[in-house]
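Colleague: Encoded as structure tokens, here's the structure I'll be asking about.
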Amino acid sequence: MLKNKTKQKFQAVKKNVAPKNKKKEAPSGKPSATGDKAKKSFSVMRGMHDILPREEKYWRALYNNSAALAEHFQFGRISTPVLEEAGLFVRSLGKGTDVVDKEMYVFDHADGKVCLRPEGTAPVVRAFVNAGMWNYPQPVKMWYWEPMFRHDRPQAGRYREFHQVGFETIGALDPASDAELILVSYNLFKDIGLPVEVRINSIGLPDERERYKTELANYYRTKKSYLCEECRKRLLKNPLRLLDCKEDQCQPIKDEAPQIVDWLSETSKSYFMKVLEYLDELGVPYSLDPTLVRGLDYYTHTVFEIYPALTEEEKNLEGAQSALGGGGRYDLLVEEMSGRSTPAAGVAIGIDRTVAVLKAYAEKQNLNLPKTQCDIYFAQLGDRAKGRTLKMLDDLRKSGLKVGFNLYKSSLKTQLEAANDLKVPYALILGQKEVQEGTIIIRDMESGIQEIVDQKKVEIMIKRKLKKFDEEVK
RNA sequence: GCGGCUAUAGUUCAAUGGUAGAACACUGGUUUGUGGUACCAGUCACCUGGGUUCAAUUCCCAGUAGCCGCCCCA
């Protein structure tokens, strides 16, 4: 849709421009460069999207909350390049994962294969290693808010350029750090009024997982004739994915399947239990999901995903059924990247996806979105007032007042309509007469009562009125 | 990457084998310097290419894009 709309806009613009070109070029007799034939218009590329000013409040709500949480929980902001060596992800995410095999934007470069980063954890770990952060006080806690790229087939909430906010704790092997990350991500949504649920599981260490995988495959092999086609493929290729199957015929088999928790060592198991204990104490609602096995190779122990907590009715909302975020522990990744064993855990949240749900939600619910509201509106009439208005607007800005205005409308009616839309309690009106007299009108938007005051006193008076207004509202 | 559905104004939707209409939004007016309601007017659209046809926005095919399911994931 966006593509077409953008195209149409361009065409509309072209129409307006066309007559001018004709006039200009008619005398020379040369054919117009723009001509009558449609000129190629540009559209946003597939799977990409513009973030328009209208959506900004949702992005800002999320960003502000992320930054506030990061500050409170003491995560330092890190920003890594969009471009990385392709090998970084091949080694960290693992060959055979869809992200690496099918979805990376890879380019040949004189220095070898480079790519647009498909995720945030590997670059952060790379930066950790490069900067020798072992020498920092441990653990090192970092957060990021960055665009990511994956060449996947687009869908609602699934873009080729998307944004993630992520939190990583490197250098701590402590169930409390797992719980802290879950708490931060949970609050990220909860604070702005979006209800979410946490699904959690533990996938232990690689050798435990391998043993389980064998066991799971053995179990499924005995039921092979009852499986759906897709599951038969999974059985050969990636047995863990059998747990993702949504086919009805496979459900009973899935329900009876061995669960990974039972194949974990005592140490792994008690680590997981401890994480759950912390979550209980924090009051973070979670559900154990034995079928949750995340796709990236680097995960160990705790894995979790965050889903919007939707009612049956809301599940039909566009793109609302997928995970908003996910993460887990990756104790072996730093060693894989550097040879130095360092435990770590992290979480990544899909911002575009969250914004989509937030938008759908905002229509029904009262969300804690930042107020872009103005304190007052400044209406002006006539050329002389316009010049004075700019000056006064600047003075009011310096005094900390948020002022709505439109210098390019001359009708007072229109300007007061705008003031009304902004729901400001007071409007200032500056016309020719007021400019001459050095005064300005303060209009009470509710009662319509107006008073004429000296321009020099307007700032103090309006502040006094606003204070009084706020008290009355409370 | 696979399967399906869809494509008309800024948005949400209509109608139509003879080039299109509403609501909301936007601009202006009724009110030559006064909003919240009302009324009036105006601007803006048939995704692209090919085929069938006297004639295609409409039917057919392809492309493209979006959405849904799968895959995967944020």
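In the structure tokens, chains take letters A, B, ... by order of appearance, with residues numbered from 1 within each chain and ligands from 1 in the order shown.
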Find the residues around stretch 277-284 of chain A up to 12 Å (only C-alpha atoms (C1' of nucleotides) counted), leave out those fewer than 3 positions away in its own chain, and share them as a list of chain:residue names.
Modeller: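 After dropping sequence-adjacent residues, the list is A:Asp174, A:Pro175, A:Ala176, A:Ser177, A:Asp178, A:Ala179, A:Glu180, A:Leu181, A:Ile182, A:Leu183, A:Val184, A:Ser185, A:Tyr186, A:Asn187, A:Lys190, A:Pro195, A:Val196, A:Glu197, A:Val198, A:Arg199, A:Ile200, A:Ser270, A:Tyr271, A:Phe272, A:Met273, A:Lys274, A:Ser287, A:Leu288, A:Ile306.
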Colleague: Residues at most 8 Å from stretch 450-466 of chain A, counting only C-alpha atoms (C1' of nucleotides), excluding those fewer than 2 positions away in the same chain, as JSON, numbers by chain?
Modeller: {"A": [375, 396, 399, 425, 438, 439, 440, 441, 442, 443, 444, 448, 468, 469, 470]}
Colleague: Quote the spacing between atom CA of A:Leu52 and atom C1' of B:G10 in Å to one decimal place.
Modeller: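 Separating atom CA of A:Leu52 from atom C1' of B:G10 is a distance of 12.9 Å.
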Colleague: Residues of chain B near chain A: apply a cut-off of 9 Å, count only C-alpha atoms (C1' of nucleotides), and supply the list as a list in words.
Modeller: G1, A7, G33, U34, G35, G36, C44, A45, C47, A65, G66, C67, C68, C72, C73 and A74 of chain B
Colleague: Create the file for the chosen residues now, containing N, CA and C atoms (P, O5', C5', C4', C3', O3' and C1' of nucleotides) and written as an mmCIF file, in the first residue's frame.
Modeller:
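That gives us again.cif:
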```cif
data_model
loop_
_atom_site.group_PDB
_atom_site.id
_atom_site.type_symbol
_atom_site.label_atom_id
_atom_site.label_comp_id
_atom_site.auth_asym_id
_atom_site.auth_seq_id
_atom_site.Cartn_x
_atom_site.Cartn_y
_atom_site.Cartn_z
ATOM 1 P P G B 1 12.417 -14.797 -2.197
ATOM 2 O "O5'" G B 1 12.027 -16.249 -1.683
ATOM 3 C "C5'" G B 1 12.748 -17.365 -2.200
ATOM 4 C "C4'" G B 1 12.246 -18.576 -1.519
ATOM 5 C "C3'" G B 1 10.747 -18.803 -1.622
ATOM 6 O "O3'" G B 1 10.406 -19.386 -2.865
ATOM 7 C "C1'" G B 1 11.438 -19.161 0.623
ATOM 8 P P A B 7 -9.781 -5.801 -4.395
ATOM 9 O "O5'" A B 7 -8.538 -4.803 -4.288
ATOM 10 C "C5'" A B 7 -8.479 -3.847 -3.233
ATOM 11 C "C4'" A B 7 -7.204 -3.039 -3.353
ATOM 12 C "C3'" A B 7 -7.174 -2.066 -4.530
ATOM 13 O "O3'" A B 7 -6.478 -0.879 -4.165
ATOM 14 C "C1'" A B 7 -5.394 -3.591 -4.718
ATOM 15 P P G B 33 -11.436 40.922 9.538
ATOM 16 O "O5'" G B 33 -12.316 40.015 10.484
ATOM 17 C "C5'" G B 33 -11.951 38.819 11.087
ATOM 18 C "C4'" G B 33 -11.757 38.979 12.555
ATOM 19 C "C3'" G B 33 -12.940 39.536 13.319
ATOM 20 O "O3'" G B 33 -13.540 38.453 14.034
ATOM 21 C "C1'" G B 33 -10.847 40.419 14.073
ATOM 22 P P U B 34 -14.846 37.756 13.633
ATOM 23 O "O5'" U B 34 -14.838 36.410 14.481
ATOM 24 C "C5'" U B 34 -13.981 35.310 14.098
ATOM 25 C "C4'" U B 34 -13.739 34.498 15.340
ATOM 26 C "C3'" U B 34 -14.990 34.302 16.167
ATOM 27 O "O3'" U B 34 -15.071 32.930 16.517
ATOM 28 C "C1'" U B 34 -13.243 35.234 17.497
ATOM 29 P P G B 35 -16.170 32.005 15.897
ATOM 30 O "O5'" G B 35 -15.538 30.607 16.299
ATOM 31 C "C5'" G B 35 -14.600 29.973 15.446
ATOM 32 C "C4'" G B 35 -14.021 28.780 16.130
ATOM 33 C "C3'" G B 35 -15.053 27.848 16.750
ATOM 34 O "O3'" G B 35 -15.511 26.934 15.776
ATOM 35 C "C1'" G B 35 -13.339 28.284 18.313
ATOM 36 P P G B 36 -16.991 26.363 15.892
ATOM 37 O "O5'" G B 36 -16.906 25.207 16.978
ATOM 38 C "C5'" G B 36 -16.075 24.045 16.764
ATOM 39 C "C4'" G B 36 -16.011 23.306 18.086
ATOM 40 C "C3'" G B 36 -17.360 22.820 18.585
ATOM 41 O "O3'" G B 36 -17.465 21.401 18.444
ATOM 42 C "C1'" G B 36 -16.202 24.066 20.275
ATOM 43 P P C B 44 -8.834 18.111 -8.152
ATOM 44 O "O5'" C B 44 -8.240 16.890 -7.347
ATOM 45 C "C5'" C B 44 -6.869 16.886 -6.955
ATOM 46 C "C4'" C B 44 -6.649 15.827 -5.933
ATOM 47 C "C3'" C B 44 -7.205 14.465 -6.307
ATOM 48 O "O3'" C B 44 -6.336 13.805 -7.202
ATOM 49 C "C1'" C B 44 -7.721 14.957 -4.052
ATOM 50 P P A B 45 -6.959 12.980 -8.453
ATOM 51 O "O5'" A B 45 -7.129 11.566 -7.758
ATOM 52 C "C5'" A B 45 -5.971 10.828 -7.328
ATOM 53 C "C4'" A B 45 -6.369 9.409 -7.063
ATOM 54 C "C3'" A B 45 -6.859 8.621 -8.277
ATOM 55 O "O3'" A B 45 -5.770 8.105 -9.013
ATOM 56 C "C1'" A B 45 -8.328 8.281 -6.457
ATOM 57 P P C B 47 -6.176 0.787 -9.173
ATOM 58 O "O5'" C B 47 -4.712 1.235 -9.590
ATOM 59 C "C5'" C B 47 -3.964 2.147 -8.777
ATOM 60 C "C4'" C B 47 -2.504 1.847 -8.899
ATOM 61 C "C3'" C B 47 -2.044 1.422 -10.292
ATOM 62 O "O3'" C B 47 -1.773 2.551 -11.096
ATOM 63 C "C1'" C B 47 -1.176 -0.067 -8.687
ATOM 64 P P A B 65 7.507 -6.229 -4.760
ATOM 65 O "O5'" A B 65 6.347 -5.510 -3.938
ATOM 66 C "C5'" A B 65 6.420 -4.120 -3.663
ATOM 67 C "C4'" A B 65 5.096 -3.646 -3.124
ATOM 68 C "C3'" A B 65 4.600 -4.376 -1.882
ATOM 69 O "O3'" A B 65 5.183 -3.861 -0.705
ATOM 70 C "C1'" A B 65 2.854 -4.246 -3.450
ATOM 71 P P G B 66 5.268 -4.790 0.593
ATOM 72 O "O5'" G B 66 3.761 -4.789 1.113
ATOM 73 C "C5'" G B 66 3.201 -3.610 1.669
ATOM 74 C "C4'" G B 66 1.741 -3.841 1.935
ATOM 75 C "C3'" G B 66 1.419 -4.987 2.876
ATOM 76 O "O3'" G B 66 1.533 -4.591 4.232
ATOM 77 C "C1'" G B 66 0.035 -5.135 0.972
ATOM 78 P P C B 67 1.882 -5.655 5.331
ATOM 79 O "O5'" C B 67 0.557 -6.536 5.406
ATOM 80 C "C5'" C B 67 -0.615 -6.027 6.033
ATOM 81 C "C4'" C B 67 -1.765 -6.979 5.796
ATOM 82 C "C3'" C B 67 -1.598 -8.376 6.367
ATOM 83 O "O3'" C B 67 -1.922 -8.420 7.741
ATOM 84 C "C1'" C B 67 -2.366 -8.541 4.143
ATOM 85 P P C B 68 -1.221 -9.513 8.643
ATOM 86 O "O5'" C B 68 -1.950 -10.853 8.173
ATOM 87 C "C5'" C B 68 -3.305 -11.103 8.517
ATOM 88 C "C4'" C B 68 -3.729 -12.434 7.964
ATOM 89 C "C3'" C B 68 -2.860 -13.618 8.342
ATOM 90 O "O3'" C B 68 -3.126 -14.094 9.640
ATOM 91 C "C1'" C B 68 -3.315 -13.714 6.041
ATOM 92 P P C B 72 10.339 -23.134 11.573
ATOM 93 O "O5'" C B 72 10.965 -21.701 11.866
ATOM 94 C "C5'" C B 72 12.324 -21.439 11.547
ATOM 95 C "C4'" C B 72 12.521 -19.973 11.254
ATOM 96 C "C3'" C B 72 12.641 -19.061 12.464
ATOM 97 O "O3'" C B 72 13.942 -19.127 13.039
ATOM 98 C "C1'" C B 72 11.236 -18.060 10.850
ATOM 99 P P C B 73 14.095 -18.971 14.584
ATOM 100 O "O5'" C B 73 13.618 -17.483 14.825
ATOM 101 C "C5'" C B 73 14.576 -16.435 14.922
ATOM 102 C "C4'" C B 73 13.930 -15.128 14.570
ATOM 103 C "C3'" C B 73 13.496 -14.275 15.748
ATOM 104 O "O3'" C B 73 14.585 -13.536 16.269
ATOM 105 C "C1'" C B 73 11.768 -14.337 14.129
ATOM 106 P P A B 74 14.567 -13.109 17.773
ATOM 107 O "O5'" A B 74 13.739 -11.752 17.646
ATOM 108 C "C5'" A B 74 13.876 -10.745 18.614
ATOM 109 C "C4'" A B 74 12.679 -9.847 18.495
ATOM 110 C "C3'" A B 74 11.409 -10.613 18.202
ATOM 111 O "O3'" A B 74 10.811 -11.015 19.394
ATOM 112 C "C1'" A B 74 11.654 -8.795 16.686
#
```
Colleague: Determine the nearest neighbour of A:Ala362 from the options A:Val124, A:Ile192, A:Val303, A:Ala70, counting only C-alpha atoms.
Modeller: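 Among A:Val124, A:Ile192, A:Val303, A:Ala70, it is A:Ile192 that comes nearest to A:Ala362.
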